[in-house]
Amino acid sequence: MKAGIMEIADVFSVNKADILGAEIVSLEIQKLLDMTIRDGAWKPPVVLTSAMEDRGIEDLYQAVENHYTFLTERGLMEKRKKEQIDAELSELILLKLKEDFISPWNASAEFKDLIDRVYCKEIDHFKARNLAVNSMHSRIIKSLGRG
């Protein structure tokens, strides 16, 4: 388990709790959480569940409810929703810019020339990037009727 994964989940469910070793996995997750969680932050609960034994489902539901209450009481639900919209909108904008400006530009002679210049070590990748961005920026300004 990687530390990044531990920062993603709000509730951990260890399924198949009826199988030997599930409790050990649960304890390992709890230990990792103890190392990564700051004071005052939400500490994701680790819930053992078993579909075969119909066990832990109510505990899991309660853990999710508790997390929801934690977020709403601290005003974090609104913050999370806005962050999610920010990420989604940014991604949509980048995809549209790529579709409208970058993809056609990548087929241009100017782009092929930059590739050749980098290949011949006339310029480095970063210089080529800057030249490309400046060129695309000019094209965007012109397409908006401002140039």
# chains A, B, ... in the order shown; residues from 1 in each chain; ligands from 1
$ residues_around --residues "Ala17 in chain A" --least-positions-apart "2" --cutoff "6 Å" --atoms "only C-alpha atoms" --output "VMD selection string"
chain A and resid 15 19 22 48 to 50
$ residues_around --residues "Gln30 in chain A" --least-positions-apart "2" --cutoff "12 Å" --atoms "only C-alpha atoms" --output "PDB file with all heavy atoms, in the first residue's frame"
ATOM      1  N   MET A   1       0.840  -1.182   0.000  1.00  0.00           N
ATOM      2  CA  MET A   1       0.000   0.000   0.000  1.00  0.00           C
ATOM      3  C   MET A   1       0.880   1.239   0.000  1.00  0.00           C
ATOM      4  O   MET A   1       1.842   1.318   0.728  1.00  0.00           O
ATOM      5  CB  MET A   1      -0.897   0.004   1.229  1.00  0.00           C
ATOM      6  CG  MET A   1      -2.016  -0.993   1.141  1.00  0.00           C
ATOM      7  SD  MET A   1      -3.098  -0.872   2.542  1.00  0.00           S
ATOM      8  CE  MET A   1      -2.539  -2.297   3.447  1.00  0.00           C
ATOM      9  N   MET A   6      -3.588   6.074   0.689  1.00  0.00           N
ATOM     10  CA  MET A   6      -4.154   6.311   2.016  1.00  0.00           C
ATOM     11  C   MET A   6      -4.799   7.692   2.099  1.00  0.00           C
ATOM     12  O   MET A   6      -5.666   7.918   2.924  1.00  0.00           O
ATOM     13  CB  MET A   6      -3.080   6.174   3.100  1.00  0.00           C
ATOM     14  CG  MET A   6      -2.337   4.844   3.080  1.00  0.00           C
ATOM     15  SD  MET A   6      -3.411   3.399   3.051  1.00  0.00           S
ATOM     16  CE  MET A   6      -4.089   3.457   4.673  1.00  0.00           C
ATOM     17  N   VAL A  11     -13.286   6.378   3.726  1.00  0.00           N
ATOM     18  CA  VAL A  11     -13.676   5.213   4.525  1.00  0.00           C
ATOM     19  C   VAL A  11     -13.044   4.001   3.862  1.00  0.00           C
ATOM     20  O   VAL A  11     -13.084   3.875   2.637  1.00  0.00           O
ATOM     21  CB  VAL A  11     -15.217   5.037   4.564  1.00  0.00           C
ATOM     22  CG1 VAL A  11     -15.605   3.770   5.292  1.00  0.00           C
ATOM     23  CG2 VAL A  11     -15.906   6.254   5.189  1.00  0.00           C
ATOM     24  N   PHE A  12     -12.454   3.140   4.649  1.00  0.00           N
ATOM     25  CA  PHE A  12     -11.888   1.898   4.121  1.00  0.00           C
ATOM     26  C   PHE A  12     -12.789   0.745   4.500  1.00  0.00           C
ATOM     27  O   PHE A  12     -13.227   0.638   5.645  1.00  0.00           O
ATOM     28  CB  PHE A  12     -10.483   1.639   4.689  1.00  0.00           C
ATOM     29  CG  PHE A  12      -9.437   2.536   4.119  1.00  0.00           C
ATOM     30  CD1 PHE A  12      -9.171   3.768   4.705  1.00  0.00           C
ATOM     31  CD2 PHE A  12      -8.724   2.170   2.994  1.00  0.00           C
ATOM     32  CE1 PHE A  12      -8.206   4.610   4.177  1.00  0.00           C
ATOM     33  CE2 PHE A  12      -7.753   3.013   2.461  1.00  0.00           C
ATOM     34  CZ  PHE A  12      -7.502   4.234   3.061  1.00  0.00           C
ATOM     35  N   SER A  13     -13.053  -0.115   3.539  1.00  0.00           N
ATOM     36  CA  SER A  13     -13.819  -1.331   3.795  1.00  0.00           C
ATOM     37  C   SER A  13     -12.930  -2.521   3.446  1.00  0.00           C
ATOM     38  O   SER A  13     -12.456  -2.632   2.321  1.00  0.00           O
ATOM     39  CB  SER A  13     -15.079  -1.353   2.932  1.00  0.00           C
ATOM     40  OG  SER A  13     -15.736  -2.594   3.074  1.00  0.00           O
ATOM     41  N   VAL A  14     -12.700  -3.357   4.435  1.00  0.00           N
ATOM     42  CA  VAL A  14     -11.973  -4.593   4.189  1.00  0.00           C
ATOM     43  C   VAL A  14     -13.040  -5.669   4.038  1.00  0.00           C
ATOM     44  O   VAL A  14     -13.656  -6.096   5.014  1.00  0.00           O
ATOM     45  CB  VAL A  14     -10.997  -4.923   5.335  1.00  0.00           C
ATOM     46  CG1 VAL A  14     -10.300  -6.252   5.073  1.00  0.00           C
ATOM     47  CG2 VAL A  14      -9.972  -3.807   5.497  1.00  0.00           C
ATOM     48  N   GLU A  23      -8.513  -9.306   9.433  1.00  0.00           N
ATOM     49  CA  GLU A  23      -8.285  -8.430  10.590  1.00  0.00           C
ATOM     50  C   GLU A  23      -6.855  -7.882  10.589  1.00  0.00           C
ATOM     51  O   GLU A  23      -6.628  -6.727  10.973  1.00  0.00           O
ATOM     52  CB  GLU A  23      -8.585  -9.166  11.892  1.00  0.00           C
ATOM     53  CG  GLU A  23     -10.069  -9.401  12.086  1.00  0.00           C
ATOM     54  CD  GLU A  23     -10.409 -10.079  13.403  1.00  0.00           C
ATOM     55  OE1 GLU A  23      -9.557 -10.094  14.311  1.00  0.00           O
ATOM     56  OE2 GLU A  23     -11.535 -10.581  13.497  1.00  0.00           O
ATOM     57  N   ILE A  24      -5.916  -8.681  10.125  1.00  0.00           N
ATOM     58  CA  ILE A  24      -4.525  -8.215  10.037  1.00  0.00           C
ATOM     59  C   ILE A  24      -4.424  -7.093   9.005  1.00  0.00           C
ATOM     60  O   ILE A  24      -3.763  -6.074   9.241  1.00  0.00           O
ATOM     61  CB  ILE A  24      -3.569  -9.381   9.687  1.00  0.00           C
ATOM     62  CG1 ILE A  24      -3.533 -10.363  10.863  1.00  0.00           C
ATOM     63  CG2 ILE A  24      -2.185  -8.870   9.343  1.00  0.00           C
ATOM     64  CD1 ILE A  24      -2.823 -11.657  10.564  1.00  0.00           C
ATOM     65  N   VAL A  25      -5.093  -7.262   7.874  1.00  0.00           N
ATOM     66  CA  VAL A  25      -5.104  -6.226   6.846  1.00  0.00           C
ATOM     67  C   VAL A  25      -5.715  -4.946   7.423  1.00  0.00           C
ATOM     68  O   VAL A  25      -5.193  -3.847   7.228  1.00  0.00           O
ATOM     69  CB  VAL A  25      -5.880  -6.686   5.590  1.00  0.00           C
ATOM     70  CG1 VAL A  25      -6.106  -5.520   4.626  1.00  0.00           C
ATOM     71  CG2 VAL A  25      -5.160  -7.823   4.902  1.00  0.00           C
ATOM     72  N   SER A  26      -6.799  -5.089   8.158  1.00  0.00           N
ATOM     73  CA  SER A  26      -7.449  -3.941   8.778  1.00  0.00           C
ATOM     74  C   SER A  26      -6.494  -3.214   9.731  1.00  0.00           C
ATOM     75  O   SER A  26      -6.399  -1.983   9.713  1.00  0.00           O
ATOM     76  CB  SER A  26      -8.701  -4.401   9.529  1.00  0.00           C
ATOM     77  OG  SER A  26      -9.270  -3.331  10.230  1.00  0.00           O
ATOM     78  N   LEU A  27      -5.784  -3.968  10.530  1.00  0.00           N
ATOM     79  CA  LEU A  27      -4.829  -3.364  11.469  1.00  0.00           C
ATOM     80  C   LEU A  27      -3.683  -2.668  10.735  1.00  0.00           C
ATOM     81  O   LEU A  27      -3.229  -1.598  11.156  1.00  0.00           O
ATOM     82  CB  LEU A  27      -4.277  -4.429  12.419  1.00  0.00           C
ATOM     83  CG  LEU A  27      -5.266  -4.963  13.463  1.00  0.00           C
ATOM     84  CD1 LEU A  27      -4.662  -6.147  14.205  1.00  0.00           C
ATOM     85  CD2 LEU A  27      -5.669  -3.862  14.433  1.00  0.00           C
ATOM     86  N   GLU A  28      -3.224  -3.247   9.639  1.00  0.00           N
ATOM     87  CA  GLU A  28      -2.151  -2.630   8.854  1.00  0.00           C
ATOM     88  C   GLU A  28      -2.611  -1.295   8.267  1.00  0.00           C
ATOM     89  O   GLU A  28      -1.862  -0.320   8.272  1.00  0.00           O
ATOM     90  CB  GLU A  28      -1.681  -3.574   7.749  1.00  0.00           C
ATOM     91  CG  GLU A  28      -0.890  -4.760   8.267  1.00  0.00           C
ATOM     92  CD  GLU A  28      -0.517  -5.741   7.180  1.00  0.00           C
ATOM     93  OE1 GLU A  28      -0.908  -5.537   6.004  1.00  0.00           O
ATOM     94  OE2 GLU A  28       0.173  -6.726   7.491  1.00  0.00           O
ATOM     95  N   LEU A  32      -1.067   2.475   9.064  1.00  0.00           N
ATOM     96  CA  LEU A  32      -0.672   3.427   8.027  1.00  0.00           C
ATOM     97  C   LEU A  32      -1.411   4.750   8.183  1.00  0.00           C
ATOM     98  O   LEU A  32      -0.829   5.821   8.017  1.00  0.00           O
ATOM     99  CB  LEU A  32      -0.928   2.841   6.642  1.00  0.00           C
ATOM    100  CG  LEU A  32       0.045   1.762   6.188  1.00  0.00           C
ATOM    101  CD1 LEU A  32      -0.467   1.085   4.924  1.00  0.00           C
ATOM    102  CD2 LEU A  32       1.425   2.348   5.948  1.00  0.00           C
ATOM    103  N   LEU A  33      -2.681   4.665   8.507  1.00  0.00           N
ATOM    104  CA  LEU A  33      -3.462   5.886   8.706  1.00  0.00           C
ATOM    105  C   LEU A  33      -2.938   6.680   9.896  1.00  0.00           C
ATOM    106  O   LEU A  33      -2.880   7.907   9.853  1.00  0.00           O
ATOM    107  CB  LEU A  33      -4.940   5.548   8.904  1.00  0.00           C
ATOM    108  CG  LEU A  33      -5.676   5.063   7.664  1.00  0.00           C
ATOM    109  CD1 LEU A  33      -7.046   4.531   8.025  1.00  0.00           C
ATOM    110  CD2 LEU A  33      -5.786   6.174   6.639  1.00  0.00           C
ATOM    111  N   ASP A  34      -2.574   5.978  10.958  1.00  0.00           N
ATOM    112  CA  ASP A  34      -2.035   6.651  12.140  1.00  0.00           C
ATOM    113  C   ASP A  34      -0.776   7.454  11.807  1.00  0.00           C
ATOM    114  O   ASP A  34      -0.508   8.483  12.415  1.00  0.00           O
ATOM    115  CB  ASP A  34      -1.724   5.641  13.255  1.00  0.00           C
ATOM    116  CG  ASP A  34      -2.982   5.078  13.902  1.00  0.00           C
ATOM    117  OD1 ASP A  34      -4.058   5.714  13.775  1.00  0.00           O
ATOM    118  OD2 ASP A  34      -2.892   4.002  14.531  1.00  0.00           O
ATOM    119  N   MET A  35      -0.020   6.989  10.828  1.00  0.00           N
ATOM    120  CA  MET A  35       1.212   7.677  10.439  1.00  0.00           C
ATOM    121  C   MET A  35       0.953   8.865   9.522  1.00  0.00           C
ATOM    122  O   MET A  35       1.783   9.751   9.424  1.00  0.00           O
ATOM    123  CB  MET A  35       2.167   6.705   9.739  1.00  0.00           C
ATOM    124  CG  MET A  35       2.726   5.639  10.653  1.00  0.00           C
ATOM    125  SD  MET A  35       4.015   4.643   9.884  1.00  0.00           S
ATOM    126  CE  MET A  35       3.160   3.853   8.535  1.00  0.00           C
ATOM    127  N   THR A  36      -0.185   8.886   8.834  1.00  0.00           N
ATOM    128  CA  THR A  36      -0.404   9.910   7.814  1.00  0.00           C
ATOM    129  C   THR A  36      -1.429  10.971   8.197  1.00  0.00           C
ATOM    130  O   THR A  36      -1.443  12.038   7.598  1.00  0.00           O
ATOM    131  CB  THR A  36      -0.855   9.275   6.485  1.00  0.00           C
ATOM    132  OG1 THR A  36      -2.075   8.564   6.690  1.00  0.00           O
ATOM    133  CG2 THR A  36       0.201   8.337   5.935  1.00  0.00           C
ATOM    134  N   ILE A  37      -2.276  10.716   9.169  1.00  0.00           N
ATOM    135  CA  ILE A  37      -3.362  11.634   9.497  1.00  0.00           C
ATOM    136  C   ILE A  37      -2.881  12.701  10.477  1.00  0.00           C
ATOM    137  O   ILE A  37      -2.253  12.394  11.479  1.00  0.00           O
ATOM    138  CB  ILE A  37      -4.572  10.870  10.084  1.00  0.00           C
ATOM    139  CG1 ILE A  37      -5.063   9.798   9.097  1.00  0.00           C
ATOM    140  CG2 ILE A  37      -5.689  11.828  10.465  1.00  0.00           C
ATOM    141  CD1 ILE A  37      -5.517  10.338   7.769  1.00  0.00           C
ATOM    142  N   LYS A  43     -10.063  11.055  10.193  1.00  0.00           N
ATOM    143  CA  LYS A  43      -9.322   9.791  10.159  1.00  0.00           C
ATOM    144  C   LYS A  43     -10.265   8.737   9.592  1.00  0.00           C
ATOM    145  O   LYS A  43     -11.260   8.378  10.228  1.00  0.00           O
ATOM    146  CB  LYS A  43      -8.851   9.369  11.548  1.00  0.00           C
ATOM    147  CG  LYS A  43      -8.072   8.063  11.487  1.00  0.00           C
ATOM    148  CD  LYS A  43      -7.592   7.612  12.834  1.00  0.00           C
ATOM    149  CE  LYS A  43      -6.875   6.273  12.688  1.00  0.00           C
ATOM    150  NZ  LYS A  43      -6.564   5.674  13.961  1.00  0.00           N
ATOM    151  N   PRO A  44      -9.976   8.275   8.405  1.00  0.00           N
ATOM    152  CA  PRO A  44     -10.863   7.297   7.781  1.00  0.00           C
ATOM    153  C   PRO A  44     -10.992   6.033   8.634  1.00  0.00           C
ATOM    154  O   PRO A  44      -9.980   5.446   9.034  1.00  0.00           O
ATOM    155  CB  PRO A  44     -10.174   6.973   6.454  1.00  0.00           C
ATOM    156  CG  PRO A  44      -9.308   8.144   6.180  1.00  0.00           C
ATOM    157  CD  PRO A  44      -8.862   8.629   7.521  1.00  0.00           C
ATOM    158  N   PRO A  45     -12.221   5.644   8.924  1.00  0.00           N
ATOM    159  CA  PRO A  45     -12.406   4.399   9.663  1.00  0.00           C
ATOM    160  C   PRO A  45     -12.142   3.199   8.752  1.00  0.00           C
ATOM    161  O   PRO A  45     -12.271   3.294   7.530  1.00  0.00           O
ATOM    162  CB  PRO A  45     -13.871   4.450  10.094  1.00  0.00           C
ATOM    163  CG  PRO A  45     -14.528   5.347   9.107  1.00  0.00           C
ATOM    164  CD  PRO A  45     -13.484   6.324   8.664  1.00  0.00           C
ATOM    165  N   VAL A  46     -11.753   2.114   9.363  1.00  0.00           N
ATOM    166  CA  VAL A  46     -11.536   0.862   8.635  1.00  0.00           C
ATOM    167  C   VAL A  46     -12.620  -0.103   9.112  1.00  0.00           C
ATOM    168  O   VAL A  46     -12.681  -0.451  10.290  1.00  0.00           O
ATOM    169  CB  VAL A  46     -10.135   0.282   8.910  1.00  0.00           C
ATOM    170  CG1 VAL A  46      -9.924  -0.989   8.109  1.00  0.00           C
ATOM    171  CG2 VAL A  46      -9.059   1.307   8.577  1.00  0.00           C
ATOM    172  N   VAL A  47     -13.482  -0.496   8.188  1.00  0.00           N
ATOM    173  CA  VAL A  47     -14.643  -1.308   8.531  1.00  0.00           C
ATOM    174  C   VAL A  47     -14.494  -2.691   7.913  1.00  0.00           C
ATOM    175  O   VAL A  47     -14.261  -2.807   6.708  1.00  0.00           O
ATOM    176  CB  VAL A  47     -15.950  -0.644   8.031  1.00  0.00           C
ATOM    177  CG1 VAL A  47     -17.158  -1.460   8.424  1.00  0.00           C
ATOM    178  CG2 VAL A  47     -16.060   0.786   8.539  1.00  0.00           C
ATOM    179  N   LEU A  48     -14.612  -3.703   8.745  1.00  0.00           N
ATOM    180  CA  LEU A  48     -14.601  -5.081   8.250  1.00  0.00           C
ATOM    181  C   LEU A  48     -16.002  -5.452   7.778  1.00  0.00           C
ATOM    182  O   LEU A  48     -16.981  -5.250   8.497  1.00  0.00           O
ATOM    183  CB  LEU A  48     -14.162  -6.040   9.357  1.00  0.00           C
ATOM    184  CG  LEU A  48     -12.690  -5.982   9.738  1.00  0.00           C
ATOM    185  CD1 LEU A  48     -12.453  -6.675  11.071  1.00  0.00           C
ATOM    186  CD2 LEU A  48     -11.843  -6.616   8.662  1.00  0.00           C
TER     187      LEU A  48
END
$ select_by_dssp --residues "chain A" --states "alpha helix (DSSP H)" --output "MDAnalysis selection string"
chainID A and resid 3:6 22:36 57:73 76:97 103:106 109:119 125:143
$ select_by_dssp --residues "chain A" --states "strand (DSSP E)" --output "PyMOL selection string"
chain A and resi 12-14+46-48
$ write_last_selection --atoms "N, CA, C and O atoms" --output "CSV table (one decimal), in the first residue's frame"
chain,number,residue,atom,x,y,z
A,12,PHE,N,-12.5,3.1,4.6
A,12,PHE,CA,-11.9,1.9,4.1
A,12,PHE,C,-12.8,0.7,4.5
A,12,PHE,O,-13.2,0.6,5.6
A,13,SER,N,-13.1,-0.1,3.5
A,13,SER,CA,-13.8,-1.3,3.8
A,13,SER,C,-12.9,-2.5,3.4
A,13,SER,O,-12.5,-2.6,2.3
A,14,VAL,N,-12.7,-3.4,4.4
A,14,VAL,CA,-12.0,-4.6,4.2
A,14,VAL,C,-13.0,-5.7,4.0
A,14,VAL,O,-13.7,-6.1,5.0
A,46,VAL,N,-11.8,2.1,9.4
A,46,VAL,CA,-11.5,0.9,8.6
A,46,VAL,C,-12.6,-0.1,9.1
A,46,VAL,O,-12.7,-0.5,10.3
A,47,VAL,N,-13.5,-0.5,8.2
A,47,VAL,CA,-14.6,-1.3,8.5
A,47,VAL,C,-14.5,-2.7,7.9
A,47,VAL,O,-14.3,-2.8,6.7
A,48,LEU,N,-14.6,-3.7,8.7
A,48,LEU,CA,-14.6,-5.1,8.3
A,48,LEU,C,-16.0,-5.5,7.8
A,48,LEU,O,-17.0,-5.3,8.5
$ atom_distance --atom1 "CA of Arg38 in chain A" --atom2 "CA of Lys82 in chain A"
23.0 Å
$ residues_around --residues "Tyr68 in chain A" --least-positions-apart "2" --cutoff "12 Å" --atoms "only C-alpha atoms" --output "PyMOL selection string"
chain A and resi 10-11+42+44+61-66+70-78+80
$ residues_around --residues "Phe101 in chain A" --least-positions-apart "4" --cutoff "10 Å" --atoms "only C-alpha atoms" --output "list in words"
Leu95, Lys96, Leu97, Trp105, Asn106, Met136, His137, Arg139, Ile140 and Ser143 of chain A
$ write_last_selection --atoms "N, CA, C and O atoms" --output "compact mmCIF listing (two decimals), in the first residue's frame"
# COMPACT_ATOMS: atom_id res chain seq x y z
N LEU A 95 -8.99 20.03 -22.75
CA LEU A 95 -9.33 19.14 -23.86
C LEU A 95 -9.79 19.94 -25.08
O LEU A 95 -9.42 19.64 -26.21
N LYS A 96 -10.61 20.97 -24.84
CA LYS A 96 -11.10 21.79 -25.95
C LYS A 96 -9.97 22.58 -26.59
O LYS A 96 -9.88 22.68 -27.82
N LEU A 97 -9.07 23.14 -25.76
CA LEU A 97 -7.92 23.85 -26.31
C LEU A 97 -7.04 22.91 -27.14
O LEU A 97 -6.56 23.28 -28.21
N TRP A 105 -2.15 22.42 -34.68
CA TRP A 105 -0.81 23.03 -34.70
C TRP A 105 0.26 21.95 -34.79
O TRP A 105 1.27 22.12 -35.46
N ASN A 106 0.03 20.82 -34.12
CA ASN A 106 1.01 19.73 -34.14
C ASN A 106 1.21 19.16 -35.55
O ASN A 106 2.23 18.53 -35.81
N MET A 136 1.14 29.47 -30.54
CA MET A 136 -0.27 29.11 -30.33
C MET A 136 -1.03 30.25 -29.67
O MET A 136 -2.19 30.51 -30.01
N HIS A 137 -0.37 30.94 -28.75
CA HIS A 137 -1.02 32.07 -28.09
C HIS A 137 -1.40 33.13 -29.13
O HIS A 137 -2.51 33.67 -29.10
N ARG A 139 -1.99 32.66 -32.28
CA ARG A 139 -3.10 32.11 -33.08
C ARG A 139 -4.43 32.22 -32.33
O ARG A 139 -5.46 32.51 -32.93
N ILE A 140 -4.41 31.97 -31.04
CA ILE A 140 -5.64 32.07 -30.24
C ILE A 140 -6.13 33.52 -30.24
O ILE A 140 -7.32 33.77 -30.44
N SER A 143 -7.66 34.30 -33.50
CA SER A 143 -8.94 33.62 -33.69
C SER A 143 -10.06 34.29 -32.90
O SER A 143 -11.23 34.20 -33.26
$ atom_distance --atom1 "CA of Ile102 in chain A" --atom2 "CA of Ile115 in chain A"
14.8 Å
$ atom_distance --atom1 "CA of Asp86 in chain A" --atom2 "CA of Asn134 in chain A"
25.4 Å
$ closest_residue --among "A:Ile29, A:Ala132, A:Ile8, A:Ala87" --to "Ala109 in chain A" --atoms "only C-alpha atoms"
A:Ala132
